[in-house]
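Q: Contents of start.txt (compact mmCIF, C-alpha atoms and all ligand atoms) are below:
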# COMPACT_ATOMS: atom_id res chain seq x y z
CA MET A 26 -31.52 -49.13 204.99
CA THR A 27 -31.66 -52.61 203.44
CA PRO A 28 -28.48 -53.82 201.67
CA GLN A 29 -30.42 -53.72 198.36
CA LYS A 30 -31.41 -50.09 198.97
CA SER A 31 -27.90 -49.01 199.90
CA LEU A 32 -26.46 -50.77 196.82
CA LEU A 33 -28.90 -48.93 194.55
CA THR A 34 -28.30 -45.62 196.36
CA GLU A 35 -24.56 -45.93 195.87
CA LEU A 36 -25.00 -46.87 192.21
CA TYR A 37 -27.31 -43.86 191.69
CA SER A 38 -24.57 -41.64 193.15
CA LEU A 39 -22.26 -42.91 190.35
CA LEU A 40 -24.84 -42.13 187.68
CA PRO A 41 -23.73 -38.58 186.71
CA GLU A 42 -20.19 -39.79 185.97
CA ILE A 43 -21.26 -43.03 184.24
CA GLN A 44 -23.96 -41.24 182.25
CA GLY A 45 -21.29 -38.83 180.99
CA ILE A 46 -19.19 -41.78 179.84
CA ARG A 47 -22.20 -43.44 178.20
CA GLN A 48 -23.03 -40.28 176.26
CA ARG A 49 -19.40 -39.85 175.22
CA ILE A 50 -19.43 -43.38 173.80
CA HIS A 51 -22.78 -42.61 172.15
CA ALA A 52 -21.31 -39.55 170.43
CA HIS A 53 -18.37 -41.61 169.09
CA PRO A 54 -19.88 -44.88 167.90
CA GLU A 55 -17.53 -47.48 166.42
CA LEU A 56 -18.49 -50.47 164.28
CA GLY A 57 -17.51 -54.07 165.05
CA PHE A 58 -13.77 -54.70 165.52
CA GLN A 59 -13.14 -50.95 165.14
CA GLU A 60 -13.89 -50.12 168.80
CA LEU A 61 -10.44 -48.60 169.42
CA ALA A 62 -11.50 -45.42 171.23
CA THR A 63 -14.23 -47.24 173.18
CA ALA A 64 -11.82 -50.00 174.23
CA ALA A 65 -9.23 -47.39 175.28
CA LEU A 66 -11.83 -45.53 177.32
CA VAL A 67 -12.93 -48.78 179.00
CA ALA A 68 -9.32 -49.82 179.73
CA ASP A 69 -8.46 -46.39 181.19
CA TYR A 70 -11.51 -46.39 183.42
CA LEU A 71 -10.76 -49.90 184.72
CA ARG A 72 -7.13 -48.95 185.39
CA GLN A 73 -8.28 -45.93 187.39
CA LEU A 74 -10.28 -48.35 189.52
CA ASP A 75 -7.11 -50.37 190.09
CA ILE A 76 -8.48 -53.32 188.14
CA GLU A 77 -6.06 -55.52 186.14
CA VAL A 78 -6.63 -54.81 182.44
CA HIS A 79 -6.02 -57.00 179.37
CA GLU A 80 -6.50 -55.38 175.98
CA GLN A 81 -6.81 -56.76 172.44
CA VAL A 82 -8.55 -59.96 173.52
CA GLY A 83 -10.45 -60.78 170.31
CA LYS A 84 -8.98 -57.82 168.36
CA THR A 85 -10.61 -54.88 170.19
CA GLY A 86 -11.99 -56.70 173.26
CA VAL A 87 -10.99 -55.76 176.81
CA VAL A 88 -11.04 -57.93 179.94
CA GLY A 89 -10.80 -56.57 183.49
CA VAL A 90 -9.84 -58.94 186.31
CA LEU A 91 -10.83 -58.18 189.90
CA LYS A 92 -9.95 -60.56 192.72
CA GLY A 93 -11.91 -60.31 195.94
CA THR A 94 -10.20 -59.89 199.28
CA ALA A 95 -12.51 -62.05 201.42
CA GLY A 96 -10.46 -65.21 201.50
CA ILE A 97 -9.11 -67.46 198.80
CA SER A 98 -11.61 -68.95 196.40
CA ALA A 99 -11.23 -70.55 193.00
CA ARG A 100 -14.71 -69.45 192.04
CA SER A 101 -14.97 -67.02 189.16
CA ILE A 102 -17.67 -65.27 187.19
CA GLY A 103 -17.67 -63.48 183.84
CA LEU A 104 -19.89 -60.45 183.21
CA ARG A 105 -20.10 -59.45 179.58
CA ALA A 106 -21.02 -56.20 177.79
CA ASP A 107 -20.88 -55.51 174.05
CA MET A 108 -19.32 -52.29 172.71
CA ASP A 109 -20.08 -52.01 168.98
CA ALA A 110 -22.38 -49.65 167.06
CA LEU A 111 -24.42 -50.10 163.88
CA PRO A 112 -24.20 -48.66 160.35
CA ILE A 113 -27.32 -46.50 160.82
CA HIS A 114 -27.54 -42.70 160.43
CA GLU A 115 -28.78 -41.29 163.74
CA GLN A 116 -31.83 -39.04 163.70
CA THR A 117 -32.35 -38.33 167.41
CA GLN A 118 -31.06 -34.71 167.44
CA LEU A 119 -29.84 -35.38 170.99
CA PRO A 120 -27.08 -33.08 172.29
CA TYR A 121 -24.79 -36.12 172.38
CA GLN A 122 -25.96 -37.65 169.11
CA SER A 123 -23.49 -39.51 166.90
CA THR A 124 -20.72 -37.34 165.45
CA ILE A 125 -20.00 -39.96 162.78
CA ALA A 126 -22.28 -39.94 159.74
CA GLY A 127 -23.89 -43.31 159.11
CA GLN A 128 -22.88 -44.85 162.45
CA MET A 129 -24.81 -44.92 165.69
CA HIS A 130 -25.40 -46.82 168.89
CA ALA A 131 -28.86 -48.01 167.87
CA CYS A 132 -28.79 -51.20 169.96
CA GLY A 133 -27.73 -49.63 173.26
CA HIS A 134 -24.32 -51.29 173.50
CA ASP A 135 -23.03 -47.91 174.75
CA GLY A 136 -25.43 -48.43 177.67
CA HIS A 137 -24.31 -52.03 178.25
CA THR A 138 -20.68 -50.85 178.39
CA ALA A 139 -21.69 -48.13 180.89
CA VAL A 140 -23.60 -50.66 183.04
CA LEU A 141 -20.56 -52.92 183.24
CA LEU A 142 -18.27 -49.98 184.07
CA ALA A 143 -20.63 -48.98 186.89
CA THR A 144 -20.54 -52.61 188.11
CA ALA A 145 -16.73 -52.54 188.04
CA ALA A 146 -16.67 -49.21 189.91
CA TYR A 147 -18.87 -50.60 192.67
CA LEU A 148 -17.07 -53.94 193.05
CA ALA A 149 -13.63 -52.26 192.93
CA LYS A 150 -14.73 -50.25 195.95
CA HIS A 151 -16.32 -53.26 197.68
CA ARG A 152 -13.75 -56.01 197.22
CA ASP A 153 -14.97 -57.98 200.19
CA PHE A 154 -15.98 -61.01 198.12
CA ALA A 155 -14.19 -64.32 197.68
CA GLY A 156 -13.26 -65.25 194.11
CA THR A 157 -12.66 -63.45 190.82
CA VAL A 158 -14.87 -61.26 188.67
CA HIS A 159 -13.99 -60.94 184.98
CA PHE A 160 -15.40 -57.89 183.23
CA ILE A 161 -15.66 -58.90 179.58
CA PHE A 162 -16.04 -56.03 177.11
CA GLN A 163 -16.81 -57.70 173.83
CA PRO A 164 -16.37 -56.24 170.34
CA ALA A 165 -18.47 -56.85 167.25
CA GLU A 166 -21.70 -58.34 168.57
CA GLU A 167 -23.69 -57.17 165.54
CA GLY A 168 -23.11 -60.09 163.21
CA LEU A 169 -19.31 -60.05 163.02
CA GLY A 170 -18.56 -62.74 165.61
CA GLY A 171 -16.85 -60.78 168.39
CA ALA A 172 -17.71 -63.37 171.05
CA GLN A 173 -16.14 -66.16 169.02
CA ALA A 174 -13.07 -63.98 168.34
CA MET A 175 -12.56 -63.56 172.11
CA ILE A 176 -13.05 -67.31 172.69
CA ASP A 177 -10.58 -68.10 169.88
CA GLU A 178 -8.02 -65.85 171.57
CA GLY A 179 -8.28 -67.81 174.80
CA LEU A 180 -10.97 -65.88 176.70
CA PHE A 181 -11.91 -68.81 178.94
CA THR A 182 -8.44 -70.32 179.24
CA ARG A 183 -6.73 -67.04 180.10
CA PHE A 184 -9.65 -65.86 182.24
CA PRO A 185 -11.35 -68.97 183.62
CA CYS A 186 -15.03 -68.36 184.32
CA ASP A 187 -17.24 -70.90 186.11
CA VAL A 188 -20.29 -69.03 184.87
CA ILE A 189 -21.08 -66.10 182.60
CA PHE A 190 -23.85 -63.52 182.50
CA ALA A 191 -24.93 -60.78 180.10
CA LEU A 192 -27.84 -58.40 179.77
CA HIS A 193 -29.54 -56.53 176.94
CA ASN A 194 -31.70 -53.44 177.27
CA TRP A 195 -35.28 -54.08 176.17
CA PRO A 196 -37.47 -51.17 175.01
CA SER A 197 -40.73 -53.12 175.24
CA LEU A 198 -40.21 -53.80 178.97
CA PRO A 199 -40.72 -50.85 181.33
CA PRO A 200 -37.69 -49.43 183.18
CA GLY A 201 -36.76 -51.54 186.18
CA HIS A 202 -38.33 -54.71 184.82
CA ILE A 203 -36.16 -57.77 184.37
CA GLY A 204 -37.02 -60.54 181.92
CA VAL A 205 -35.40 -63.96 181.86
CA ASN A 206 -36.21 -67.49 180.84
CA PRO A 207 -34.95 -70.82 182.20
CA GLY A 208 -34.19 -72.09 178.70
CA PRO A 209 -34.22 -70.51 175.25
CA MET A 210 -33.83 -66.71 175.19
CA MET A 211 -32.84 -66.03 171.59
CA ALA A 212 -32.95 -68.18 168.46
CA ALA A 213 -30.23 -69.61 166.26
CA ALA A 214 -29.98 -67.43 163.16
CA ASP A 215 -29.01 -68.90 159.80
CA SER A 216 -29.07 -67.46 156.30
CA PHE A 217 -29.68 -69.06 152.95
CA THR A 218 -29.42 -68.21 149.26
CA VAL A 219 -31.26 -70.19 146.61
CA THR A 220 -30.25 -69.91 142.96
CA VAL A 221 -32.97 -71.06 140.55
CA LYS A 222 -31.48 -71.54 137.11
CA GLY A 223 -33.83 -72.02 134.16
CA HIS A 224 -33.61 -70.86 130.57
CA GLY A 225 -34.62 -67.34 129.64
CA GLY A 226 -36.73 -66.39 126.65
CA HIS A 227 -39.53 -64.27 125.18
CA GLY A 228 -42.45 -63.60 127.51
CA ALA A 229 -44.76 -64.44 124.61
CA HIS A 230 -43.10 -67.84 124.07
CA PRO A 231 -42.88 -69.40 127.54
CA TYR A 232 -43.02 -72.91 125.99
CA LEU A 233 -39.55 -72.22 124.56
CA SER A 234 -38.15 -71.28 127.99
CA LYS A 235 -37.72 -72.81 131.44
CA ASP A 236 -39.24 -70.08 133.56
CA PRO A 237 -37.40 -69.69 136.90
CA VAL A 238 -39.92 -67.05 138.07
CA VAL A 239 -42.81 -69.53 138.13
CA ALA A 240 -40.58 -72.18 139.73
CA SER A 241 -39.50 -69.66 142.38
CA ALA A 242 -43.09 -68.77 143.17
CA GLN A 243 -43.79 -72.47 143.83
CA LEU A 244 -40.58 -72.76 145.81
CA ILE A 245 -41.42 -69.83 148.12
CA THR A 246 -44.85 -71.30 148.82
CA ALA A 247 -43.46 -74.79 149.41
CA LEU A 248 -40.82 -73.48 151.83
CA GLN A 249 -43.62 -72.06 153.99
CA THR A 250 -44.96 -75.58 154.54
CA ILE A 251 -41.84 -76.63 156.50
CA VAL A 252 -42.87 -74.78 159.65
CA ALA A 253 -46.58 -75.27 159.03
CA ARG A 254 -46.48 -79.00 158.14
CA ASN A 255 -43.15 -80.55 159.21
CA VAL A 256 -41.94 -78.92 162.43
CA HIS A 257 -43.67 -80.18 165.59
CA PRO A 258 -46.33 -77.67 166.71
CA PHE A 259 -44.70 -77.38 170.15
CA GLU A 260 -41.35 -76.43 168.63
CA SER A 261 -40.75 -72.90 167.34
CA ALA A 262 -39.13 -72.00 164.06
CA VAL A 263 -39.22 -69.37 161.32
CA VAL A 264 -38.43 -69.74 157.62
CA THR A 265 -38.50 -66.36 155.89
CA VAL A 266 -37.77 -65.67 152.24
CA SER A 267 -36.90 -62.01 152.54
CA ALA A 268 -35.54 -61.01 149.13
CA MET A 269 -35.91 -62.06 145.53
CA GLN A 270 -34.03 -60.95 142.44
CA ALA A 271 -35.71 -61.83 139.15
CA GLY A 272 -35.29 -60.26 135.74
CA ASN A 273 -35.46 -56.60 134.85
CA ILE A 274 -38.48 -54.63 135.99
CA GLN A 275 -38.47 -52.66 132.69
CA ALA A 276 -38.32 -55.80 130.54
CA PHE A 277 -41.95 -56.91 130.66
CA SER A 278 -41.59 -59.49 127.93
CA VAL A 279 -38.34 -61.12 129.03
CA ILE A 280 -38.25 -64.35 131.02
CA PRO A 281 -34.92 -64.32 132.92
CA ASP A 282 -32.40 -67.13 133.08
CA VAL A 283 -31.93 -66.98 136.82
CA VAL A 284 -33.81 -66.05 139.99
CA ILE A 285 -32.00 -65.62 143.30
CA LEU A 286 -33.79 -65.79 146.63
CA CYS A 287 -32.41 -65.22 150.08
CA GLY A 288 -33.76 -65.45 153.58
CA THR A 289 -33.29 -66.54 157.15
CA VAL A 290 -34.10 -69.54 159.34
CA ARG A 291 -34.59 -69.23 163.12
CA THR A 292 -34.64 -72.24 165.46
CA PHE A 293 -34.01 -73.16 169.10
CA SER A 294 -32.68 -76.70 168.77
CA ASP A 295 -30.09 -78.48 166.66
CA LYS A 296 -32.69 -81.13 165.85
CA VAL A 297 -35.20 -78.69 164.35
CA GLN A 298 -32.41 -76.84 162.55
CA ALA A 299 -31.24 -80.10 160.94
CA GLN A 300 -34.84 -81.00 160.03
CA ILE A 301 -35.39 -77.64 158.32
CA MET A 302 -32.10 -77.86 156.41
CA GLN A 303 -33.03 -81.33 155.18
CA ARG A 304 -36.56 -80.31 154.13
CA MET A 305 -35.28 -77.20 152.35
CA GLN A 306 -32.88 -79.35 150.32
CA GLN A 307 -35.64 -81.85 149.49
CA ILE A 308 -38.00 -79.08 148.40
CA CYS A 309 -35.34 -77.40 146.25
CA ASP A 310 -34.51 -80.76 144.60
CA GLY A 311 -38.20 -81.55 144.12
CA ILE A 312 -39.08 -78.20 142.54
CA ALA A 313 -35.99 -78.46 140.33
CA ALA A 314 -37.16 -81.86 139.07
CA THR A 315 -40.75 -80.66 138.62
CA PHE A 316 -39.77 -77.63 136.52
CA ASP A 317 -36.73 -79.22 134.82
CA MET A 318 -34.14 -76.72 136.00
CA THR A 319 -31.31 -76.59 138.52
CA ILE A 320 -31.79 -75.17 142.00
CA GLN A 321 -28.82 -74.65 144.29
CA LEU A 322 -29.27 -74.11 148.04
CA ASP A 323 -26.48 -72.41 149.94
CA TYR A 324 -27.21 -72.60 153.70
CA GLN A 325 -25.04 -70.80 156.29
CA LYS A 326 -25.24 -71.38 160.05
CA LEU A 327 -24.51 -68.00 161.64
CA PHE A 328 -25.40 -67.91 165.35
CA PRO A 329 -26.38 -70.75 167.67
CA ALA A 330 -29.42 -70.31 169.92
CA THR A 331 -28.94 -68.45 173.21
CA ILE A 332 -29.98 -71.01 175.82
CA ASN A 333 -29.84 -70.16 179.52
CA THR A 334 -28.76 -72.66 182.14
CA PRO A 335 -31.91 -73.12 184.30
CA GLU A 336 -29.99 -72.82 187.59
CA TYR A 337 -28.46 -69.47 186.60
CA ALA A 338 -31.63 -68.09 185.02
CA GLU A 339 -33.14 -68.81 188.42
CA LEU A 340 -30.28 -66.89 190.08
CA VAL A 341 -31.08 -63.93 187.80
CA ALA A 342 -34.80 -64.08 188.68
CA ARG A 343 -34.05 -64.41 192.40
CA THR A 344 -31.62 -61.49 192.32
CA ALA A 345 -34.10 -59.31 190.42
CA THR A 346 -36.87 -60.18 192.88
CA GLU A 347 -34.60 -59.34 195.82
CA LEU A 348 -33.68 -55.98 194.25
CA PHE A 349 -36.89 -54.79 192.64
CA GLY A 350 -39.73 -57.00 193.92
CA ALA A 351 -41.50 -59.97 192.36
CA ASP A 352 -43.93 -57.78 190.39
CA GLN A 353 -41.01 -56.34 188.36
CA VAL A 354 -39.71 -59.73 187.25
CA ASP A 355 -40.84 -61.96 184.40
CA ALA A 356 -39.04 -65.27 185.00
CA ASN A 357 -40.73 -66.96 182.03
CA LEU A 358 -40.20 -64.39 179.34
CA ILE A 359 -41.25 -65.44 175.84
CA PRO A 360 -38.05 -66.03 173.83
CA SER A 361 -37.19 -63.82 170.88
CA MET A 362 -36.57 -65.15 167.37
CA GLY A 363 -33.73 -62.61 167.14
CA ALA A 364 -30.16 -63.78 167.70
CA GLU A 365 -27.34 -62.82 170.02
CA ASP A 366 -23.72 -63.81 169.82
CA PHE A 367 -23.39 -64.24 173.59
CA SER A 368 -24.73 -67.66 172.52
CA PHE A 369 -21.16 -68.63 171.57
CA MET A 370 -20.05 -67.94 175.14
CA LEU A 371 -23.05 -69.80 176.59
CA ARG A 372 -22.01 -72.83 174.52
CA GLN A 373 -18.68 -72.79 176.39
CA ARG A 374 -19.84 -71.98 179.91
CA PRO A 375 -23.08 -72.21 181.89
CA GLY A 376 -24.80 -68.93 182.68
CA ALA A 377 -27.68 -66.70 181.72
CA TYR A 378 -28.66 -63.78 179.52
CA PHE A 379 -31.42 -61.48 180.68
CA ARG A 380 -33.33 -58.40 179.59
CA LEU A 381 -33.17 -55.07 181.34
CA GLY A 382 -36.39 -53.12 180.78
CA GLN A 383 -35.81 -49.56 179.60
CA GLY A 384 -39.09 -48.48 177.94
CA GLY A 385 -39.37 -46.42 174.76
CA ALA A 386 -41.01 -48.96 172.43
CA GLU A 387 -44.39 -47.15 172.63
CA GLN A 388 -42.68 -44.01 171.28
CA GLY A 389 -41.04 -46.00 168.48
CA ARG A 390 -37.59 -46.01 170.09
CA VAL A 391 -36.97 -49.65 169.29
CA LEU A 392 -33.67 -51.46 168.79
CA HIS A 393 -31.91 -50.74 165.46
CA ASN A 394 -34.09 -47.67 164.82
CA ALA A 395 -32.48 -44.33 163.89
CA ASN A 396 -34.33 -42.68 166.81
CA PHE A 397 -33.26 -45.18 169.45
CA ASP A 398 -31.38 -44.11 172.57
CA PHE A 399 -30.33 -46.05 175.65
CA ASN A 400 -32.17 -44.95 178.80
CA ASP A 401 -29.47 -43.84 181.26
CA ALA A 402 -31.92 -44.09 184.17
CA VAL A 403 -31.61 -47.89 184.11
CA ILE A 404 -27.79 -47.96 184.42
CA PRO A 405 -27.92 -48.34 188.23
CA GLN A 406 -30.52 -51.12 187.92
CA GLY A 407 -28.46 -53.06 185.41
CA ALA A 408 -25.30 -52.61 187.49
CA ALA A 409 -27.14 -53.66 190.69
CA MET A 410 -28.17 -56.86 188.91
CA PHE A 411 -24.58 -57.65 187.88
CA VAL A 412 -23.21 -56.78 191.35
CA ARG A 413 -25.72 -58.95 193.20
CA ILE A 414 -25.44 -61.84 190.71
CA ALA A 415 -21.66 -61.81 191.22
CA GLN A 416 -21.92 -61.53 195.01
CA ASN A 417 -24.61 -64.22 195.20
CA PHE A 418 -22.76 -66.62 192.91
CA LEU A 419 -19.37 -66.14 194.58
CA ALA A 420 -20.90 -66.53 198.05
CA GLN A 421 -22.17 -70.02 197.20
CA THR A 422 -19.81 -72.52 198.77
CA THR A 423 -18.61 -75.57 196.93
CA THR A 424 -16.02 -78.22 197.66
CA THR A 425 -13.56 -76.35 195.46
CA THR A 426 -13.79 -73.24 197.65
CA LEU A 427 -11.21 -72.79 200.35
CA ASN A 428 -12.35 -69.85 202.42
CA LEU A 429 -9.59 -68.62 204.66
CA GLY A 430 -11.22 -65.26 205.25
ZN ZN A 501 -28.40 -55.16 167.81
ZN ZN A 502 -27.67 -55.47 170.85
For the structure just supplied, provide its representation as structure tokens.
A:
Amino acid sequence: MTPQKSLLTELYSLLPEIQGIRQRIHAHPELGFQELATAALVADYLRQLDIEVHEQVGKTGVVGVLKGTAGISARSIGLRADMDALPIHEQTQLPYQSTIAGQMHACGHDGHTAVLLATAAYLAKHRDFAGTVHFIFQPAEEGLGGAQAMIDEGLFTRFPCDVIFALHNWPSLPPGHIGVNPGPMMAAADSFTVTVKGHGGHGAHPYLSKDPVVASAQLITALQTIVARNVHPFESAVVTVSAMQAGNIQAFSVIPDVVILCGTVRTFSDKVQAQIMQRMQQICDGIAATFDMTIQLDYQKLFPATINTPEYAELVARTATELFGADQVDANLIPSMGAEDFSFMLRQRPGAYFRLGQGGAEQGRVLHNANFDFNDAVIPQGAAMFVRIAQNFLAQTTTTTLNLG
């Protein structure tokens, strides 16, 4: 049996136990920074494996530390899983469906937690590596800044990591497929609110008003020209005005005083982000002058782009090819305009984020849908990726490595 085969066989033998844990987490979903039961379950499981456990790193985060026994090495790797659920009411009718109304694991973070526990179980049993593996169980990935909270509480100073890796299940890739990219994986996500302040009046007497609805219509159209006319065609960006609040739908003859718009901007580079912010401000100022009203732009940077380090994206692709064959690996995956807060960790340390195919998109089981469920069959594949990435990385010799084993 090849080493890859025996790794997968052993991980498949863990599946009944790990699947049980995954479904238990699924039945008890917890929102960001409220992952108390999930964190306790993770910590207990790691302790049973005789792994050193640190709790409350970034409020509800957990870090497991496992030192290899094959000699002394300063090399270290961080493997990260997210643990939080979403405020969505589950509609799957699965036997282990959410027991909490209005909360569910609709992004598969229960599965990511299970994959990392399976990885820990395997490596705890096979400690014959040189260096340290940090199992990072992150809270609050869904927009609440759990990664940054862990970093702020000393994640990388208390648990030094030379490199970091994370995965996300991907319903539009078939089970067993791995997708990665040597550069951008996910976009920076920003939000904006625009307040257009005119002067309300009678719908029959627009000449006595300053109509913010007409100004907003021009503004929305003008904002669309930023990507179409200003951003370089070989760069990628999105400017979306997603909501608009204007007047009262029952008041057909009332011009309102104020219109509020909000939306999102997605980019992959600081340069394009700065360009879009500047053009948005110019357009807001220009439309305000044109229509003689005030327009205020409030722009918030939320998540940076998730950019892989080419060398470690290549390690992911090589590991996936070794495990599953070249035909199961897309090493040049098209990036997503979605965002991921692992980006905060990738700004601190080199590493890579990759996609673990799990299928289900054709049946509508897409991320953040009330009918979504993580596919337990891919737990061994995800864990095999983490195990081999760790073993491959730690086996690389550098001048800082002193191998006495
Ligand atoms: Zn999500
Ligand atoms: Zn997610």
Q: Which protein, DNA or RNA residues are at most 9 Å from (-18.3, -47.7, 187.9) in the file's coordinates when you count all atoms listed in the file, listed as a count of residues only?
A: 20
Q: Would you mind telling me which residue in A:Asp310, A:Glu77, A:Glu115, A:Asp398 lies nearest to Thr220 (chain A) when using only C-alpha atoms?
A: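 Residue with the minimum atom-to-atom distance to Thr220 (chain A): A:Asp310.
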Q: For Asp352 (chain A), work out the shell of residues within 12 Å, counting all atoms listed in the file and skipping chain neighbours fewer than 3 positions away, then give it as an mmCIF file with C-alpha atoms, in the coordinates of the input.
A:
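Writing done, so here's part-v3.cif:
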data_model
loop_
_atom_site.group_PDB
_atom_site.id
_atom_site.type_symbol
_atom_site.label_atom_id
_atom_site.label_comp_id
_atom_site.auth_asym_id
_atom_site.auth_seq_id
_atom_site.Cartn_x
_atom_site.Cartn_y
_atom_site.Cartn_z
ATOM 1 C CA PRO A 199 -40.720 -50.850 181.330
ATOM 2 C CA GLY A 201 -36.760 -51.540 186.180
ATOM 3 C CA HIS A 202 -38.330 -54.710 184.820
ATOM 4 C CA ILE A 203 -36.160 -57.770 184.370
ATOM 5 C CA GLY A 204 -37.020 -60.540 181.920
ATOM 6 C CA ALA A 342 -34.800 -64.080 188.680
ATOM 7 C CA ALA A 345 -34.100 -59.310 190.420
ATOM 8 C CA THR A 346 -36.870 -60.180 192.880
ATOM 9 C CA GLU A 347 -34.600 -59.340 195.820
ATOM 10 C CA LEU A 348 -33.680 -55.980 194.250
ATOM 11 C CA PHE A 349 -36.890 -54.790 192.640
ATOM 12 C CA ASP A 355 -40.840 -61.960 184.400
ATOM 13 C CA ALA A 356 -39.040 -65.270 185.000
#
Q: Quick one: residues within 9 Å of ligand ZN 501 (chain A), with all atoms listed in the file, as a list in words?
A: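 Every residue with an atom at most 9 Å from ligand ZN 501 (chain A) is listed here: Asp109, Ala110, Leu111, His130, Ala131, Cys132, Gly133, His134, Glu166, Glu167, Gly168, Ala364, Glu365, Leu392 and His393 of chain A.
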Q: Which is closest to Arg254 (chain A) among A:Lys296, A:His51, A:Arg380, A:Arg304, if we use only C-alpha atoms?
A: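 Answer, going by the shortest atom-to-atom distance: A:Arg304.
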Q: Identify which of the residues A:Ala240, A:Ile125, A:Ile76, A:Ala395 lies closest to Ile50 (chain A), counting all atoms listed in the file when measuring atom-to-atom distances.
A: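 Looking at the shortest contact to Ile50 (chain A), the residue is A:Ile125.
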Q: Would you mind telling me which residue in A:Ser361, A:Asn194, A:Gln373, A:Gln118 lies nearest to ligand ZN 502 (chain A) when using all atoms listed in the file?
A: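 With all atoms listed in the file as the atom set, the closest residue is A:Asn194.
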Q: Near Val284 (chain A), counting all atoms listed in the file, which residues have an atom at most 10 Å away, once you skip same-chain residues fewer than 2 positions from it, shown as a PyMOL selection string?
A: chain A and resi 219-223+236-241+269-272+281-282+286+320
Q: Ranking A:Glu260, A:Asp295, A:Asp187, A:Asp135 by minimum distance to ligand ZN 502 (chain A) and counting only C-alpha atoms and all ligand atoms, which one comes first?
A: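 Closest candidate: A:Asp135.
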Q: Which is closest to His53 (chain A) among A:Val67, A:Met129, A:Ile414, A:Val90, if we use all atoms listed in the file?
A: A:Met129
Q: Within 10 Å of Ala253 (chain A), counting all atoms listed in the file, which residues qualify if same-chain residues fewer than 6 places away don't, as a list in words?
A: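 Selected residues are Ala262, Val263 and Val264 of chain A.
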Q: So which residues touch Gly103 (chain A) within 12 Å, counting all atoms listed in the file, skipping near sequence neighbours fewer than 4 positions away, as a PyMOL selection string?
A: chain A and resi 88-91+141+145+156-163+180-181+184-191+367+370-371+373-378+411-412+414-415+418-419
Q: At what distance in Å, to one decimal, does CA of Asn273 (chain A) lie from CA of Pro231 (chain A)?
A: 16.5 Å
Q: In file coordinates, which residues lie within 12 Å of (-39.6, -45.1, 173.2) using only C-alpha atoms, given as a PDB file with C-alpha atoms, keeping the file's coordinate frame?
A:
ATOM      1  CA  THR A 117     -32.350 -38.330 167.410  1.00  0.00           C
ATOM      2  CA  TRP A 195     -35.280 -54.080 176.170  1.00  0.00           C
ATOM      3  CA  PRO A 196     -37.470 -51.170 175.010  1.00  0.00           C
ATOM      4  CA  SER A 197     -40.730 -53.120 175.240  1.00  0.00           C
ATOM      5  CA  LEU A 198     -40.210 -53.800 178.970  1.00  0.00           C
ATOM      6  CA  PRO A 199     -40.720 -50.850 181.330  1.00  0.00           C
ATOM      7  CA  PRO A 200     -37.690 -49.430 183.180  1.00  0.00           C
ATOM      8  CA  GLY A 382     -36.390 -53.120 180.780  1.00  0.00           C
ATOM      9  CA  GLN A 383     -35.810 -49.560 179.600  1.00  0.00           C
ATOM     10  CA  GLY A 384     -39.090 -48.480 177.940  1.00  0.00           C
ATOM     11  CA  GLY A 385     -39.370 -46.420 174.760  1.00  0.00           C
ATOM     12  CA  ALA A 386     -41.010 -48.960 172.430  1.00  0.00           C
ATOM     13  CA  GLU A 387     -44.390 -47.150 172.630  1.00  0.00           C
ATOM     14  CA  GLN A 388     -42.680 -44.010 171.280  1.00  0.00           C
ATOM     15  CA  GLY A 389     -41.040 -46.000 168.480  1.00  0.00           C
ATOM     16  CA  ARG A 390     -37.590 -46.010 170.090  1.00  0.00           C
ATOM     17  CA  VAL A 391     -36.970 -49.650 169.290  1.00  0.00           C
ATOM     18  CA  LEU A 392     -33.670 -51.460 168.790  1.00  0.00           C
ATOM     19  CA  ASN A 394     -34.090 -47.670 164.820  1.00  0.00           C
ATOM     20  CA  ALA A 395     -32.480 -44.330 163.890  1.00  0.00           C
ATOM     21  CA  ASN A 396     -34.330 -42.680 166.810  1.00  0.00           C
ATOM     22  CA  PHE A 397     -33.260 -45.180 169.450  1.00  0.00           C
ATOM     23  CA  ASP A 398     -31.380 -44.110 172.570  1.00  0.00           C
ATOM     24  CA  PHE A 399     -30.330 -46.050 175.650  1.00  0.00           C
ATOM     25  CA  ASN A 400     -32.170 -44.950 178.800  1.00  0.00           C
TER      26      ASN A 400
END
Q: Could you name the residues that touch Glu80 (chain A) at 8 Å or less, counting all atoms listed in the file, but leaving out those on the same chain fewer than 5 positions away, as a list of chain:residue names?
A: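 Skipping anything fewer than 5 positions along the chain leaves A:Ala64, A:Ala68, A:Thr85, A:Gly86, A:Val87, A:Val88.
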Q: Can you work out the spacing between CA of Ser267 (chain A) and CA of Ile245 (chain A) in Å, to one decimal?
A: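 Computed distance, CA of Ser267 (chain A) to CA of Ile245 (chain A), equals 10.1 Å.
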Q: So the first atom is CA of Phe58 (chain A) and the second is CA of Val82 (chain A); what is the distance between them in Å, to one decimal place?
A: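 The value is 10.9 Å.
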